[in-house]
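All remarks here apply to the structure that follows.
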Amino acid sequence: MTHGLSNRLHANGSGLASNESGGMGEGWSDYYARALRSNAGEDVDGLYASGGYVTKNYYAGIRRFPYAVRSNIGPNGKPHNPTTFADTDPAQINLSDGAFAPAFVGAANEVHNIGDIWCNILLEMRAKLVHALGFATGNPRSIQIVTDGMKLDPVNPTMINARDSILAANCAGFAGANELDIWEGFRIHGMGFRAGYQLGGDGSVHVLESYDGPNLTLGAINATEISGNGNGQFDPGETFSLSIPLSNTLCSTSAVSASATLSPGGGSANYGTIAAGGNGTQAINFTIPASAACGSAVQISITVNSTNLGPIIYTYTLPIGQAAALTPYENFDGRHGAGAAQRLDHIAHRRRSWLGNHRHKSRYCSQRRHHW
């Protein structure tokens, strides 16, 4: 029944053709079987075998581990089901960190093995909703948003696509109620705010896990030179005003007392409360160290914080003596699709106004290029 449902809701039967989406198809089927056959008397945090009657293994059933929330641990203090997002990646799979050894290992990218990870993540999310709302409301709510999420998925969705679709379905259908509980179910399994995919050195796309909760997103930064020679480059000793825009992409949760702090330098700005779906922009001045070598790169970090969402750090490299845009030191976008990790051009535009004087021209890279 549920294979028919998930297939029909994705491009009318032709939208689960990729390996990852096909794996999610297996996971959706296990998820519906567990959620639809459950009852209020069950322990939502318990251990559940899928198809134990087939293997006579009533611990793991036909899967590698039992379905269990992450907090359900064995006598060794490790989870009965240790799988996370990274275990769908052949280069990262590690099944040795559970309460007991897996019933079998198998290939990380085999569809049923992808599926048991996806199902367990959905069951974690379901458990969060049941705890928050009670079984009578939480269980059907979890089924509804998973179903509605499939209607919003692109063709051949990734697990990140499907996560975002579930959150969007909850926003559309339930005004974003309990969105932090839903996020937490994904975060616990490595599908947090900045999870996605990145291109590895082997030329393959790999999973990028994240255990960050949802947070404010940093947009494209405008840099205005307020002290320097106006040559269109980031030169040693020059001061720039960085216009830093923050967006709150959550549906119903405001970011309370939001702020941004620049390092090095320690400059900061307060944004107040940024409402769900809202944004704000503030400026922070940054002076490039006079000791920075022309042709080098200075790493800068912007720590974004709020009372309820906590801190998140965005890190960049600043090219000294170049007109190129700042580029991220690490890829923290968390909004990648099925392809390789996308490049983040947070510094989208540089406006140069020569407001300083020329007393120290010798410090500028434009005067010293013969030393590179």
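So you can find residues: chains in the structure tokens are A, B, ... in the order shown, residues in each start at 1, and ligands are numbered from 1 in order.
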In stretch 126-330 of chain A, DSSP strand (DSSP E) residues written as a ChimeraX atom specification: /A:196-199,205-208,217-218,222-227,239-247,255-263,268-274,279-287,297-305,312-319,327-328
Selection near A:Met1, 10 Å with only C-alpha atoms, sequence-local residues under 6 positions removed, as a PyMOL selection string: chain A and resi 29+32-33
How about saving the chosen residues, N, CA and C atoms kept, as a PDB file, in the first residue's frame?
ATOM      1  N   SER A  29       7.740   3.138   3.602  1.00  0.00           N
ATOM      2  CA  SER A  29       6.887   1.966   3.805  1.00  0.00           C
ATOM      3  C   SER A  29       7.020   1.423   5.215  1.00  0.00           C
ATOM      4  N   TYR A  32       5.250   3.998   7.707  1.00  0.00           N
ATOM      5  CA  TYR A  32       3.789   3.912   7.780  1.00  0.00           C
ATOM      6  C   TYR A  32       3.345   2.639   8.487  1.00  0.00           C
ATOM      7  N   ALA A  33       4.042   1.540   8.238  1.00  0.00           N
ATOM      8  CA  ALA A  33       3.685   0.292   8.908  1.00  0.00           C
ATOM      9  C   ALA A  33       3.785   0.437  10.424  1.00  0.00           C
TER      10      ALA A  33
END
DSSP helix (DSSP H, G or I) selection over stretch 38-270 of chain A, as a PyMOL selection string: chain A and resi 52-55+85-88+111-133+135-152+159-174+179-187
Near-A:Ser71 list (10 Å; only C-alpha atoms; drop same-chain fewer than 2 positions) as JSON, numbers by chain: {"A": [45, 46, 68, 69, 73, 74, 77, 78, 79, 80, 81, 82, 124, 188]}
Residues from the last selection, N, CA and C atoms, saved as a CSV table (one decimal), in the first residue's frame:
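Contents of result-v1.csv, freshly written:
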chain,number,residue,atom,x,y,z
A,45,ASP,N,9.2,5.3,22.7
A,45,ASP,CA,10.7,5.2,22.8
A,45,ASP,C,11.2,3.8,22.8
A,46,GLY,N,10.3,2.8,22.6
A,46,GLY,CA,10.7,1.4,22.7
A,46,GLY,C,11.5,0.9,21.5
A,68,ALA,N,14.4,2.4,16.8
A,68,ALA,CA,14.5,2.9,18.2
A,68,ALA,C,15.0,4.3,18.1
A,69,VAL,N,14.5,5.1,19.1
A,69,VAL,CA,14.9,6.5,19.2
A,69,VAL,C,16.4,6.5,19.6
A,73,ILE,N,19.2,3.3,24.8
A,73,ILE,CA,20.6,2.8,24.8
A,73,ILE,C,20.7,1.4,25.5
A,74,GLY,N,21.7,0.7,25.1
A,74,GLY,CA,21.9,-0.7,25.6
A,74,GLY,C,22.8,-0.7,26.8
A,77,GLY,N,25.8,1.6,27.0
A,77,GLY,CA,25.6,3.0,26.9
A,77,GLY,C,25.5,3.5,25.5
A,78,LYS,N,25.4,2.6,24.5
A,78,LYS,CA,25.3,3.1,23.1
A,78,LYS,C,23.9,2.8,22.6
A,79,PRO,N,23.4,3.5,21.6
A,79,PRO,CA,22.1,3.4,21.1
A,79,PRO,C,21.8,2.0,20.5
A,80,HIS,N,20.6,1.5,20.6
A,80,HIS,CA,20.2,0.3,20.0
A,80,HIS,C,20.2,0.5,18.5
A,81,ASN,N,19.9,1.7,18.0
A,81,ASN,CA,20.0,2.0,16.6
A,81,ASN,C,20.9,3.2,16.4
A,82,PRO,N,22.2,2.9,16.0
A,82,PRO,CA,23.1,4.0,16.0
A,82,PRO,C,23.2,4.7,14.7
A,124,GLU,N,12.0,9.0,14.9
A,124,GLU,CA,12.5,9.9,15.9
A,124,GLU,C,11.7,11.2,15.9
A,188,ILE,N,19.2,15.1,15.6
A,188,ILE,CA,19.8,14.1,16.3
A,188,ILE,C,20.5,13.0,15.5
Distance in Å - atom CA of A:Asn156 versus atom CA of A:Gly15: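 Pair atom CA of A:Asn156 / atom CA of A:Gly15 returns 5.1 Å.
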Distance criterion (only C-alpha atoms): nearest to A:Phe286 out of A:Ile302, A:Ala260, A:Ala40, A:Leu242: A:Leu242
